[in-house]
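J.: Have a look at this one before I ask anything.
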Amino acid sequence: MYPYILYFSVLFYAFALVWGLGFAPADYVQGNSFRIIYLHVPASFLSQSLYIVMAIAAGIFLIWKVKLAAYMIKSIAPVGALVTFIALISGSIWGIPTWGTWWQWDARITSTLILFIMYLGLISLHSSFTNFEKADKFISVLVLIGFVNIPIIKKSVDWWSTLHQPASITLTNKPSIDPTMLYPLIFSMIGFSGIIVSLIILSSKVHIFKRESHKSWVKRNV
Amino acid sequence: MKLIFVEFFKLKMKLRAWLGPILIFLLIIISFPLTVELSSEALNDVFYSILWIASLLTIMVSVESIFLEDYEDGYLEYFYVANNSLFSLIFTKILIYWILIGIPISCLGTFFSINMSDDISSLNIALPSLLISTYIFINLFALGNSLSLNKGSALGALITIPLLFPILILLGKIVLNANFGFEISNLLLLMLGVLLLIIVFIPFIISFIIKTHLE
């Protein structure tokens, strides 16, 4: 199943990139440098959503003891760290032409860095235990407690006066971005999310095989 | 009640575990003026940040072995078997740590802030916020160290400090408001509310984690 999602979303993302990089008009103020939005916005969006998915999985694991939910957390964490890293790097590259600086100790940027460190902490917590059943419980507790930081990251651009602009696209309001730039952005978000979802499927597949390696169905299938 | 005395005695007997952190706090605070020029005005703007960071680091150092010895000599397991609950033990432990380390640190920090600002009214800012924040820090570091029990304290610090950032932001807001002459009591009450939530829930979470460790 997942190869098709991967192929489809790679195509989709490539299409969105060609549209966004080649055909969307240049920004009035920022010129061509705004085009990194087609990487930065999907990555930043996913960096927070993946944590929310992890928190939901952690709740499912702790309440109903669904083993697969814990595997899900374990396999999302590295992908989430990767995506957050992409968001940080692309944002910092974007910062050079627009703000004139690589890095600013600004609310949104700092809180995204904290999110990155939280992902790394989750990975290192899980990998420091040899008993995976214990590690699953600990990591889900930590994910749930760390969830207090997500609203702060989400709302940081509204609560503090910062360099980073508030969200242009929300579900409730009309987007403050022109449709000629908006449509490729939406397409790139769908494509990028598809790529990341297929990455997660791949990594959870590996993780399930690793954890269930003593079961007979694994031996039959591998 | 007996539990409180036992835990108090246990921590008090380990001189390095409660006197050490207080001295570390003093040393950190002393070392900051040394790094800027001694009579510089620059320190006057940032000494509150120094206080928060110094208290955070001190708590981090002092709480790192809060459960380790009891875990290794089997007292935690014994207590769980005898009482079928760890809540009271953990609650008492954190309380004793706060009484023996948190309160002295808060008093020292308040003294330092009065000294730095030449203004007795900074007592109103530093003392309540230090008292509340040290209790929150001890709770959360105890949580982190229970997760990384016998895996080394660096891991515990690594996973706890990101959880503390909301509290640090709140502390920063308090100082900002105080500098502008606004009310700070609402922020202090918010912090107190967070503290009350934490006091109730964190021992439950820690006892769940420790039970998982004991399995």
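All residue names refer to the structure tokens as shown: chains lettered A, B, ... in order, residues numbered from 1 in each chain, ligands numbered from 1 in order.
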Each residue of chain A lying at most 9 Å from chain B should get a row with its shortest atom-to-atom pair and the distance in Å to one decimal, counting only C-alpha atoms; could you produce that, ordered by chain and increasing number, as a tab-separated table?

T.:
```
residue	atom	partner	partner_atom	distance
A:Ser111	CA	B:Phe165	CA	8.9
A:Ile114	CA	B:Pro162	CA	6.2
A:Leu115	CA	B:Pro162	CA	8.0
A:Ile117	CA	B:Pro162	CA	7.4
A:Met118	CA	B:Pro162	CA	6.5
A:Leu120	CA	B:Ile159	CA	8.8
A:Gly121	CA	B:Ile159	CA	5.3
A:Leu122	CA	B:Ile159	CA	7.3
A:Ser124	CA	B:Leu155	CA	7.6
A:Leu125	CA	B:Leu155	CA	7.0
A:Ser128	CA	B:Lys151	CA	7.2
A:Phe129	CA	B:Lys151	CA	8.2
A:Lys134	CA	B:Thr212	CA	6.5
A:Lys137	CA	B:Thr212	CA	7.9
A:Phe138	CA	B:Leu147	CA	6.4
A:Ile139	CA	B:Leu147	CA	8.7
A:Val141	CA	B:Ile205	CA	7.9
A:Leu142	CA	B:Ile159	CA	8.1
A:Ile145	CA	B:Leu163	CA	7.7
A:Gly146	CA	B:Leu163	CA	6.0
A:Phe147	CA	B:Leu163	CA	8.9
A:Val148	CA	B:Leu163	CA	7.7
A:Asn149	CA	B:Leu163	CA	7.1
A:Ile152	CA	B:Pro166	CA	7.7
```

J.: Can you write out the residues you just picked, keeping N, CA, C and O atoms, as a tab-separated table (two decimals), in the first residue's frame?

T.:
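Contents of the output file result25.tsv:
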```tsv
chain	number	residue	atom	x	y	z
A	111	SER	N	10.52	28.28	20.18
A	111	SER	CA	9.65	27.19	20.60
A	111	SER	C	9.73	26.02	19.63
A	111	SER	O	9.59	24.86	20.04
A	114	ILE	N	12.66	24.13	20.70
A	114	ILE	CA	12.32	23.32	21.87
A	114	ILE	C	11.61	22.04	21.44
A	114	ILE	O	11.88	20.95	21.96
A	115	LEU	N	10.71	22.18	20.45
A	115	LEU	CA	10.00	21.00	19.94
A	115	LEU	C	11.00	19.99	19.39
A	115	LEU	O	10.88	18.77	19.65
A	117	ILE	N	14.11	19.62	20.29
A	117	ILE	CA	14.82	18.98	21.41
A	117	ILE	C	13.90	17.96	22.09
A	117	ILE	O	14.36	16.91	22.54
A	118	MET	N	12.60	18.26	22.14
A	118	MET	CA	11.69	17.31	22.76
A	118	MET	C	11.63	16.00	21.97
A	118	MET	O	11.61	14.91	22.55
A	120	LEU	N	14.04	14.80	20.17
A	120	LEU	CA	15.30	14.09	20.42
A	120	LEU	C	15.28	13.44	21.80
A	120	LEU	O	15.78	12.32	21.99
A	121	GLY	N	14.69	14.16	22.80
A	121	GLY	CA	14.61	13.59	24.13
A	121	GLY	C	13.77	12.33	24.15
A	121	GLY	O	14.12	11.35	24.82
A	122	LEU	N	12.66	12.33	23.38
A	122	LEU	CA	11.83	11.14	23.31
A	122	LEU	C	12.60	9.97	22.74
A	122	LEU	O	12.55	8.85	23.26
A	124	SER	N	15.84	9.55	22.69
A	124	SER	CA	16.91	9.06	23.57
A	124	SER	C	16.33	8.35	24.78
A	124	SER	O	16.94	7.41	25.29
A	125	LEU	N	15.13	8.78	25.24
A	125	LEU	CA	14.52	8.05	26.35
A	125	LEU	C	14.17	6.63	25.93
A	125	LEU	O	14.46	5.67	26.65
A	128	SER	N	17.18	4.32	25.54
A	128	SER	CA	18.04	4.00	26.68
A	128	SER	C	17.52	2.80	27.46
A	128	SER	O	18.14	2.40	28.43
A	129	PHE	N	16.40	2.25	27.06
A	129	PHE	CA	15.89	1.07	27.76
A	129	PHE	C	16.01	-0.15	26.87
A	129	PHE	O	15.74	-0.08	25.66
A	134	LYS	N	8.62	-1.45	28.99
A	134	LYS	CA	8.74	-0.32	29.90
A	134	LYS	C	8.93	0.96	29.11
A	134	LYS	O	8.29	1.98	29.39
A	137	LYS	N	5.81	2.55	27.82
A	137	LYS	CA	5.00	3.27	28.81
A	137	LYS	C	5.61	4.62	29.12
A	137	LYS	O	4.92	5.64	29.16
A	138	PHE	N	6.95	4.63	29.31
A	138	PHE	CA	7.59	5.89	29.68
A	138	PHE	C	7.46	6.92	28.58
A	138	PHE	O	7.17	8.09	28.84
A	139	ILE	N	7.66	6.45	27.35
A	139	ILE	CA	7.64	7.42	26.25
A	139	ILE	C	6.23	7.99	26.10
A	139	ILE	O	6.05	9.19	25.85
A	141	VAL	N	4.00	8.42	28.52
A	141	VAL	CA	3.80	9.40	29.60
A	141	VAL	C	4.48	10.71	29.25
A	141	VAL	O	3.90	11.80	29.37
A	142	LEU	N	5.71	10.61	28.74
A	142	LEU	CA	6.46	11.83	28.43
A	142	LEU	C	5.82	12.61	27.29
A	142	LEU	O	5.74	13.84	27.34
A	145	ILE	N	2.86	14.47	28.73
A	145	ILE	CA	3.21	15.63	29.56
A	145	ILE	C	3.80	16.73	28.70
A	145	ILE	O	3.52	17.91	28.90
A	146	GLY	N	4.61	16.34	27.70
A	146	GLY	CA	5.19	17.34	26.83
A	146	GLY	C	4.18	18.06	25.98
A	146	GLY	O	4.48	19.09	25.39
A	147	PHE	N	2.97	17.53	25.93
A	147	PHE	CA	1.93	18.14	25.11
A	147	PHE	C	1.60	19.55	25.58
A	147	PHE	O	1.06	20.33	24.81
A	148	VAL	N	1.92	19.90	26.85
A	148	VAL	CA	1.65	21.26	27.32
A	148	VAL	C	2.38	22.29	26.49
A	148	VAL	O	1.96	23.44	26.43
A	149	ASN	N	3.48	21.88	25.83
A	149	ASN	CA	4.24	22.87	25.06
A	149	ASN	C	3.61	23.18	23.72
A	149	ASN	O	3.92	24.20	23.12
A	152	ILE	N	1.62	26.37	23.33
A	152	ILE	CA	2.51	27.53	23.43
A	152	ILE	C	3.20	27.78	22.09
A	152	ILE	O	3.30	28.91	21.62
```

J.: For range 103-110 of chain B, list every protein, DNA or RNA residue within 8 Å, evaluated using only C-alpha atoms, and leave out those in the same chain fewer than 2 positions away; present the list as a PDB file with N, CA, C and O atoms, in the first residue's frame.

T.:
```pdb
ATOM      1  N   ILE B  22      22.518  24.128  48.065  1.00  0.00           N
ATOM      2  CA  ILE B  22      22.421  25.525  48.483  1.00  0.00           C
ATOM      3  C   ILE B  22      23.732  26.244  48.197  1.00  0.00           C
ATOM      4  O   ILE B  22      23.754  27.373  47.684  1.00  0.00           O
ATOM      5  N   PHE B  25      24.036  26.889  44.551  1.00  0.00           N
ATOM      6  CA  PHE B  25      23.245  28.060  44.179  1.00  0.00           C
ATOM      7  C   PHE B  25      24.036  29.343  44.458  1.00  0.00           C
ATOM      8  O   PHE B  25      24.117  30.231  43.601  1.00  0.00           O
ATOM      9  N   LEU B  26      24.626  29.393  45.647  1.00  0.00           N
ATOM     10  CA  LEU B  26      25.428  30.568  45.994  1.00  0.00           C
ATOM     11  C   LEU B  26      26.565  30.761  45.001  1.00  0.00           C
ATOM     12  O   LEU B  26      26.819  31.873  44.531  1.00  0.00           O
ATOM     13  N   LEU B  51      18.693  34.653  38.614  1.00  0.00           N
ATOM     14  CA  LEU B  51      18.052  33.928  39.717  1.00  0.00           C
ATOM     15  C   LEU B  51      17.293  32.722  39.205  1.00  0.00           C
ATOM     16  O   LEU B  51      17.416  31.610  39.745  1.00  0.00           O
ATOM     17  N   SER B  55      18.386  28.933  40.039  1.00  0.00           N
ATOM     18  CA  SER B  55      17.533  28.026  40.814  1.00  0.00           C
ATOM     19  C   SER B  55      17.232  26.778  40.002  1.00  0.00           C
ATOM     20  O   SER B  55      17.220  25.658  40.536  1.00  0.00           O
ATOM     21  N   TRP B  98      11.613  20.370  48.948  1.00  0.00           N
ATOM     22  CA  TRP B  98      11.298  21.792  48.837  1.00  0.00           C
ATOM     23  C   TRP B  98      11.640  22.513  50.135  1.00  0.00           C
ATOM     24  O   TRP B  98      12.191  23.607  50.131  1.00  0.00           O
ATOM     25  N   ILE B  99      11.308  21.870  51.281  1.00  0.00           N
ATOM     26  CA  ILE B  99      11.556  22.544  52.562  1.00  0.00           C
ATOM     27  C   ILE B  99      13.050  22.705  52.794  1.00  0.00           C
ATOM     28  O   ILE B  99      13.520  23.763  53.211  1.00  0.00           O
ATOM     29  N   LEU B 100      13.814  21.642  52.483  1.00  0.00           N
ATOM     30  CA  LEU B 100      15.233  21.697  52.813  1.00  0.00           C
ATOM     31  C   LEU B 100      16.086  22.394  51.765  1.00  0.00           C
ATOM     32  O   LEU B 100      17.156  22.898  52.064  1.00  0.00           O
ATOM     33  N   ILE B 101      15.635  22.419  50.503  1.00  0.00           N
ATOM     34  CA  ILE B 101      16.433  23.046  49.459  1.00  0.00           C
ATOM     35  C   ILE B 101      15.714  24.240  48.852  1.00  0.00           C
ATOM     36  O   ILE B 101      16.289  25.316  48.703  1.00  0.00           O
ATOM     37  N   PHE B 112      19.614  38.206  47.516  1.00  0.00           N
ATOM     38  CA  PHE B 112      20.452  38.643  46.391  1.00  0.00           C
ATOM     39  C   PHE B 112      19.732  39.702  45.571  1.00  0.00           C
ATOM     40  O   PHE B 112      20.322  40.719  45.178  1.00  0.00           O
ATOM     41  N   SER B 113      18.431  39.478  45.331  1.00  0.00           N
ATOM     42  CA  SER B 113      17.720  40.427  44.469  1.00  0.00           C
ATOM     43  C   SER B 113      17.540  41.768  45.165  1.00  0.00           C
ATOM     44  O   SER B 113      17.633  42.818  44.532  1.00  0.00           O
ATOM     45  N   ILE B 114      17.303  41.725  46.488  1.00  0.00           N
ATOM     46  CA  ILE B 114      17.214  42.997  47.218  1.00  0.00           C
ATOM     47  C   ILE B 114      18.546  43.724  47.138  1.00  0.00           C
ATOM     48  O   ILE B 114      18.623  44.935  46.895  1.00  0.00           O
ATOM     49  N   SER B 122      11.557  44.515  45.807  1.00  0.00           N
ATOM     50  CA  SER B 122      11.770  43.344  44.960  1.00  0.00           C
ATOM     51  C   SER B 122      11.536  42.052  45.747  1.00  0.00           C
ATOM     52  O   SER B 122      11.439  40.976  45.163  1.00  0.00           O
ATOM     53  N   LEU B 123      11.423  42.205  47.065  1.00  0.00           N
ATOM     54  CA  LEU B 123      10.995  41.068  47.895  1.00  0.00           C
ATOM     55  C   LEU B 123       9.656  40.526  47.416  1.00  0.00           C
ATOM     56  O   LEU B 123       9.443  39.314  47.372  1.00  0.00           O
ATOM     57  N   ALA B 126      10.493  38.567  44.019  1.00  0.00           N
ATOM     58  CA  ALA B 126      11.410  37.424  44.015  1.00  0.00           C
ATOM     59  C   ALA B 126      10.939  36.317  44.934  1.00  0.00           C
ATOM     60  O   ALA B 126      10.944  35.140  44.541  1.00  0.00           O
ATOM     61  N   LEU B 127      10.503  36.673  46.154  1.00  0.00           N
ATOM     62  CA  LEU B 127      10.221  35.604  47.114  1.00  0.00           C
ATOM     63  C   LEU B 127       9.054  34.710  46.682  1.00  0.00           C
ATOM     64  O   LEU B 127       9.234  33.496  46.579  1.00  0.00           O
ATOM     65  N   LEU B 130       9.991  32.731  43.453  1.00  0.00           N
ATOM     66  CA  LEU B 130      11.003  31.694  43.682  1.00  0.00           C
ATOM     67  C   LEU B 130      10.410  30.532  44.470  1.00  0.00           C
ATOM     68  O   LEU B 130      10.668  29.359  44.158  1.00  0.00           O
ATOM     69  N   LEU B 131       9.600  30.856  45.496  1.00  0.00           N
ATOM     70  CA  LEU B 131       9.012  29.770  46.301  1.00  0.00           C
ATOM     71  C   LEU B 131       8.159  28.865  45.421  1.00  0.00           C
ATOM     72  O   LEU B 131       8.281  27.630  45.478  1.00  0.00           O
ATOM     73  N   THR B 134      10.402  27.037  42.543  1.00  0.00           N
ATOM     74  CA  THR B 134      11.261  25.925  42.977  1.00  0.00           C
ATOM     75  C   THR B 134      10.431  24.672  43.235  1.00  0.00           C
ATOM     76  O   THR B 134      10.864  23.562  42.917  1.00  0.00           O
TER      77      THR B 134
END
```

J.: Residues within 12 Å of range 63-71 of chain A, please, as a ChimeraX atom specification. Count only C-alpha atoms; anything in the same chain fewer than 2 positions from it doesn't count.

T.: /A:53-61,73-77,126,132-141,143,200-201,203-212

J.: Those selected residues, please, written with N, CA and C atoms and delivered as a JSON list (two decimals), in the first residue's frame.

T.:
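Dumped to part.json:
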```
[["chain", "number", "residue", "atom", "x", "y", "z"],
["A", 53, "VAL", "N", -0.42, 13.86, 16.81],
["A", 53, "VAL", "CA", -0.71, 12.46, 16.51],
["A", 53, "VAL", "C", -0.06, 11.55, 17.55],
["A", 54, "MET", "N", 1.19, 11.89, 17.90],
["A", 54, "MET", "CA", 1.89, 11.08, 18.92],
["A", 54, "MET", "C", 1.15, 11.13, 20.24],
["A", 55, "ALA", "N", 0.64, 12.32, 20.60],
["A", 55, "ALA", "CA", -0.06, 12.44, 21.88],
["A", 55, "ALA", "C", -1.33, 11.61, 21.87],
["A", 56, "ILE", "N", -2.05, 11.62, 20.72],
["A", 56, "ILE", "CA", -3.26, 10.80, 20.63],
["A", 56, "ILE", "C", -2.90, 9.32, 20.76],
["A", 57, "ALA", "N", -1.82, 8.93, 20.06],
["A", 57, "ALA", "CA", -1.39, 7.52, 20.15],
["A", 57, "ALA", "C", -1.00, 7.17, 21.57],
["A", 58, "ALA", "N", -0.35, 8.12, 22.28],
["A", 58, "ALA", "CA", 0.05, 7.85, 23.65],
["A", 58, "ALA", "C", -1.17, 7.64, 24.54],
["A", 59, "GLY", "N", -2.20, 8.47, 24.32],
["A", 59, "GLY", "CA", -3.44, 8.30, 25.08],
["A", 59, "GLY", "C", -4.06, 6.94, 24.81],
["A", 60, "ILE", "N", -4.10, 6.57, 23.53],
["A", 60, "ILE", "CA", -4.68, 5.27, 23.17],
["A", 60, "ILE", "C", -3.90, 4.15, 23.83],
["A", 61, "PHE", "N", -2.57, 4.28, 23.83],
["A", 61, "PHE", "CA", -1.76, 3.21, 24.42],
["A", 61, "PHE", "C", -1.98, 3.11, 25.92],
["A", 73, "ILE", "N", 4.17, 5.68, 18.18],
["A", 73, "ILE", "CA", 4.92, 6.78, 18.79],
["A", 73, "ILE", "C", 6.39, 6.65, 18.46],
["A", 74, "LYS", "N", 6.90, 5.43, 18.68],
["A", 74, "LYS", "CA", 8.32, 5.19, 18.47],
["A", 74, "LYS", "C", 8.71, 5.49, 17.03],
["A", 75, "SER", "N", 7.83, 5.15, 16.07],
["A", 75, "SER", "CA", 8.25, 5.35, 14.69],
["A", 75, "SER", "C", 7.97, 6.77, 14.22],
["A", 76, "ILE", "N", 7.05, 7.51, 14.89],
["A", 76, "ILE", "CA", 6.84, 8.89, 14.45],
["A", 76, "ILE", "C", 7.97, 9.79, 14.94],
["A", 77, "ALA", "N", 8.51, 9.50, 16.15],
["A", 77, "ALA", "CA", 9.46, 10.43, 16.78],
["A", 77, "ALA", "C", 10.63, 10.82, 15.87],
["A", 126, "HIS", "N", 13.57, 6.51, 24.75],
["A", 126, "HIS", "CA", 13.16, 5.17, 24.34],
["A", 126, "HIS", "C", 14.37, 4.28, 24.10],
["A", 132, "PHE", "N", 11.61, -3.06, 26.11],
["A", 132, "PHE", "CA", 10.80, -2.17, 25.28],
["A", 132, "PHE", "C", 9.41, -1.93, 25.87],
["A", 133, "GLU", "N", 8.88, -2.90, 26.63],
["A", 133, "GLU", "CA", 7.54, -2.70, 27.20],
["A", 133, "GLU", "C", 7.55, -1.52, 28.17],
["A", 134, "LYS", "N", 8.62, -1.45, 28.99],
["A", 134, "LYS", "CA", 8.74, -0.32, 29.90],
["A", 134, "LYS", "C", 8.93, 0.96, 29.11],
["A", 135, "ALA", "N", 9.83, 0.90, 28.12],
["A", 135, "ALA", "CA", 10.14, 2.11, 27.35],
["A", 135, "ALA", "C", 8.88, 2.67, 26.70],
["A", 136, "ASP", "N", 7.99, 1.78, 26.22],
["A", 136, "ASP", "CA", 6.74, 2.25, 25.61],
["A", 136, "ASP", "C", 5.93, 3.07, 26.58],
["A", 137, "LYS", "N", 5.81, 2.55, 27.82],
["A", 137, "LYS", "CA", 5.00, 3.27, 28.81],
["A", 137, "LYS", "C", 5.61, 4.62, 29.12],
["A", 138, "PHE", "N", 6.95, 4.63, 29.31],
["A", 138, "PHE", "CA", 7.59, 5.89, 29.68],
["A", 138, "PHE", "C", 7.46, 6.92, 28.58],
["A", 139, "ILE", "N", 7.66, 6.45, 27.35],
["A", 139, "ILE", "CA", 7.64, 7.42, 26.25],
["A", 139, "ILE", "C", 6.23, 7.99, 26.10],
["A", 140, "SER", "N", 5.19, 7.16, 26.35],
["A", 140, "SER", "CA", 3.85, 7.73, 26.18],
["A", 140, "SER", "C", 3.53, 8.71, 27.30],
["A", 141, "VAL", "N", 4.00, 8.42, 28.52],
["A", 141, "VAL", "CA", 3.80, 9.40, 29.60],
["A", 141, "VAL", "C", 4.48, 10.71, 29.25],
["A", 143, "VAL", "N", 5.31, 11.88, 26.29],
["A", 143, "VAL", "CA", 4.64, 12.57, 25.18],
["A", 143, "VAL", "C", 3.43, 13.34, 25.69],
["A", 200, "ILE", "N", 6.45, 7.41, 7.60],
["A", 200, "ILE", "CA", 6.05, 6.88, 8.91],
["A", 200, "ILE", "C", 5.57, 5.44, 8.76],
["A", 201, "ILE", "N", 4.84, 5.18, 7.67],
["A", 201, "ILE", "CA", 4.37, 3.80, 7.46],
["A", 201, "ILE", "C", 5.56, 2.87, 7.33],
["A", 203, "SER", "N", 8.61, 3.33, 8.49],
["A", 203, "SER", "CA", 9.39, 3.15, 9.72],
["A", 203, "SER", "C", 8.60, 2.35, 10.75],
["A", 204, "SER", "N", 7.25, 2.49, 10.75],
["A", 204, "SER", "CA", 6.50, 1.67, 11.70],
["A", 204, "SER", "C", 6.48, 0.21, 11.26],
["A", 205, "LYS", "N", 6.54, 0.00, 9.94],
["A", 205, "LYS", "CA", 6.61, -1.38, 9.45],
["A", 205, "LYS", "C", 7.89, -2.05, 9.97],
["A", 206, "VAL", "N", 8.99, -1.34, 9.81],
["A", 206, "VAL", "CA", 10.28, -1.85, 10.29],
["A", 206, "VAL", "C", 10.21, -2.11, 11.79],
["A", 207, "HIS", "N", 9.58, -1.13, 12.49],
["A", 207, "HIS", "CA", 9.55, -1.26, 13.95],
["A", 207, "HIS", "C", 8.68, -2.43, 14.39],
["A", 208, "ILE", "N", 7.56, -2.62, 13.70],
["A", 208, "ILE", "CA", 6.70, -3.75, 14.06],
["A", 208, "ILE", "C", 7.44, -5.06, 13.83],
["A", 209, "PHE", "N", 8.12, -5.18, 12.70],
["A", 209, "PHE", "CA", 8.87, -6.41, 12.43],
["A", 209, "PHE", "C", 9.94, -6.64, 13.49],
["A", 210, "LYS", "N", 10.58, -5.51, 13.90],
["A", 210, "LYS", "CA", 11.65, -5.64, 14.89],
["A", 210, "LYS", "C", 11.10, -6.11, 16.22],
["A", 211, "ARG", "N", 9.98, -5.51, 16.64],
["A", 211, "ARG", "CA", 9.45, -5.83, 17.95],
["A", 211, "ARG", "C", 8.77, -7.19, 17.99],
["A", 212, "GLU", "N", 8.20, -7.59, 16.87],
["A", 212, "GLU", "CA", 7.47, -8.86, 16.86],
["A", 212, "GLU", "C", 8.32, -9.96, 16.23]]
```

J.: Report as an MDAnalysis selection string all protein, DNA and RNA residues lying within 12 Å of Phe8 in chain A, evaluated on only C-alpha atoms, omitting residues in the same chain fewer than 4 positions from it.

T.: chainID A and resid 1:4 12:15 190:195 197:198

J.: Could those residues be written to a file, using all heavy atoms, as a short mmCIF file (atom, residue, chain, number, x, y, z; two decimals), in the first residue's frame?

T.:
```cif
data_model
loop_
_atom_site.label_atom_id
_atom_site.label_comp_id
_atom_site.auth_asym_id
_atom_site.auth_seq_id
_atom_site.Cartn_x
_atom_site.Cartn_y
_atom_site.Cartn_z
N MET A 1 0.83 -1.20 0.00
CA MET A 1 0.00 0.00 0.00
C MET A 1 0.87 1.26 0.00
O MET A 1 0.68 2.15 -0.81
CB MET A 1 -0.90 -0.04 1.25
CG MET A 1 -1.78 1.19 1.42
SD MET A 1 -3.03 1.29 0.10
CE MET A 1 -3.65 2.92 0.39
N TYR A 2 1.87 1.28 0.90
CA TYR A 2 2.56 2.54 1.08
C TYR A 2 3.39 2.98 -0.13
O TYR A 2 3.53 4.19 -0.34
CB TYR A 2 3.42 2.52 2.35
CG TYR A 2 4.82 2.06 2.15
CD1 TYR A 2 5.81 2.98 1.89
CD2 TYR A 2 5.15 0.72 2.22
CE1 TYR A 2 7.11 2.57 1.68
CE2 TYR A 2 6.42 0.31 2.00
CZ TYR A 2 7.40 1.23 1.74
OH TYR A 2 8.66 0.82 1.52
N PRO A 3 3.91 2.05 -0.96
CA PRO A 3 4.64 2.58 -2.12
C PRO A 3 3.77 3.45 -2.98
O PRO A 3 4.24 4.48 -3.50
CB PRO A 3 5.08 1.33 -2.87
CG PRO A 3 5.04 0.24 -1.90
CD PRO A 3 3.95 0.59 -0.96
N TYR A 4 2.48 3.10 -3.10
CA TYR A 4 1.61 3.90 -3.97
C TYR A 4 1.40 5.28 -3.38
O TYR A 4 1.44 6.28 -4.09
CB TYR A 4 0.28 3.18 -4.19
CG TYR A 4 0.50 1.84 -4.84
CD1 TYR A 4 0.33 0.66 -4.13
CD2 TYR A 4 0.96 1.78 -6.16
CE1 TYR A 4 0.59 -0.55 -4.72
CE2 TYR A 4 1.21 0.57 -6.75
CZ TYR A 4 1.03 -0.60 -6.03
OH TYR A 4 1.30 -1.79 -6.61
N PHE A 12 2.82 14.39 -6.66
CA PHE A 12 2.00 15.53 -6.27
C PHE A 12 2.88 16.68 -5.81
O PHE A 12 2.67 17.83 -6.21
CB PHE A 12 1.10 15.06 -5.12
CG PHE A 12 -0.25 15.70 -5.11
CD1 PHE A 12 -1.20 15.32 -6.04
CD2 PHE A 12 -0.57 16.65 -4.18
CE1 PHE A 12 -2.44 15.89 -6.03
CE2 PHE A 12 -1.82 17.23 -4.16
CZ PHE A 12 -2.75 16.85 -5.09
N TYR A 13 3.87 16.35 -4.97
CA TYR A 13 4.74 17.38 -4.44
C TYR A 13 5.58 18.00 -5.54
O TYR A 13 5.78 19.22 -5.59
CB TYR A 13 5.63 16.79 -3.33
CG TYR A 13 6.38 17.82 -2.54
CD1 TYR A 13 5.72 18.91 -2.00
CD2 TYR A 13 7.74 17.72 -2.33
CE1 TYR A 13 6.39 19.87 -1.26
CE2 TYR A 13 8.42 18.67 -1.60
CZ TYR A 13 7.73 19.74 -1.08
OH TYR A 13 8.41 20.69 -0.36
N ALA A 14 6.06 17.14 -6.48
CA ALA A 14 6.85 17.65 -7.59
C ALA A 14 6.01 18.61 -8.43
O ALA A 14 6.47 19.70 -8.82
CB ALA A 14 7.35 16.50 -8.44
N PHE A 15 4.75 18.20 -8.65
CA PHE A 15 3.84 19.05 -9.42
C PHE A 15 3.66 20.40 -8.72
O PHE A 15 3.78 21.47 -9.33
CB PHE A 15 2.51 18.31 -9.55
CG PHE A 15 1.37 19.15 -10.03
CD1 PHE A 15 1.34 19.61 -11.34
CD2 PHE A 15 0.32 19.47 -9.19
CE1 PHE A 15 0.29 20.38 -11.79
CE2 PHE A 15 -0.73 20.24 -9.64
CZ PHE A 15 -0.74 20.71 -10.94
N ILE A 190 -0.23 18.95 0.79
CA ILE A 190 -0.76 17.60 0.65
C ILE A 190 0.35 16.64 0.23
O ILE A 190 0.51 15.55 0.79
CB ILE A 190 -1.92 17.59 -0.38
CG1 ILE A 190 -3.06 18.46 0.12
CG2 ILE A 190 -2.41 16.18 -0.62
CD1 ILE A 190 -4.14 18.70 -0.91
N GLY A 191 1.16 17.07 -0.77
CA GLY A 191 2.21 16.19 -1.25
C GLY A 191 3.24 15.89 -0.18
O GLY A 191 3.61 14.73 0.04
N PHE A 192 3.66 16.93 0.53
CA PHE A 192 4.68 16.74 1.58
C PHE A 192 4.14 15.85 2.69
O PHE A 192 4.83 14.94 3.16
CB PHE A 192 5.08 18.10 2.13
CG PHE A 192 6.33 18.09 2.94
CD1 PHE A 192 7.56 18.08 2.32
CD2 PHE A 192 6.27 18.08 4.32
CE1 PHE A 192 8.71 18.06 3.06
CE2 PHE A 192 7.43 18.05 5.06
CZ PHE A 192 8.65 18.05 4.43
N SER A 193 2.87 16.09 3.09
CA SER A 193 2.29 15.24 4.12
C SER A 193 2.24 13.79 3.66
O SER A 193 2.51 12.88 4.45
CB SER A 193 0.87 15.70 4.47
OG SER A 193 0.83 17.06 4.66
N GLY A 194 1.92 13.59 2.37
CA GLY A 194 1.87 12.22 1.87
C GLY A 194 3.23 11.56 1.96
O GLY A 194 3.35 10.41 2.36
N ILE A 195 4.29 12.30 1.60
CA ILE A 195 5.64 11.75 1.67
C ILE A 195 5.96 11.37 3.11
O ILE A 195 6.45 10.26 3.41
CB ILE A 195 6.67 12.76 1.15
CG1 ILE A 195 6.45 13.01 -0.34
CG2 ILE A 195 8.08 12.25 1.37
CD1 ILE A 195 7.32 14.08 -0.91
N VAL A 197 3.86 10.78 5.59
CA VAL A 197 3.03 9.66 6.06
C VAL A 197 3.59 8.34 5.55
O VAL A 197 3.69 7.35 6.29
CB VAL A 197 1.57 9.85 5.60
CG1 VAL A 197 0.78 8.57 5.76
CG2 VAL A 197 0.92 10.95 6.40
N SER A 198 4.06 8.32 4.28
CA SER A 198 4.59 7.06 3.79
C SER A 198 5.91 6.72 4.49
O SER A 198 6.20 5.54 4.74
CB SER A 198 4.75 7.08 2.28
OG SER A 198 5.40 8.25 1.90
#
```

J.: As an exercise, work out the distance from CA of Ile86 in chain A to CA of Leu170 in chain B in Å and give it to one decimal place.

T.: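 CA of Leu170 in chain B lies 29.0 Å from CA of Ile86 in chain A.
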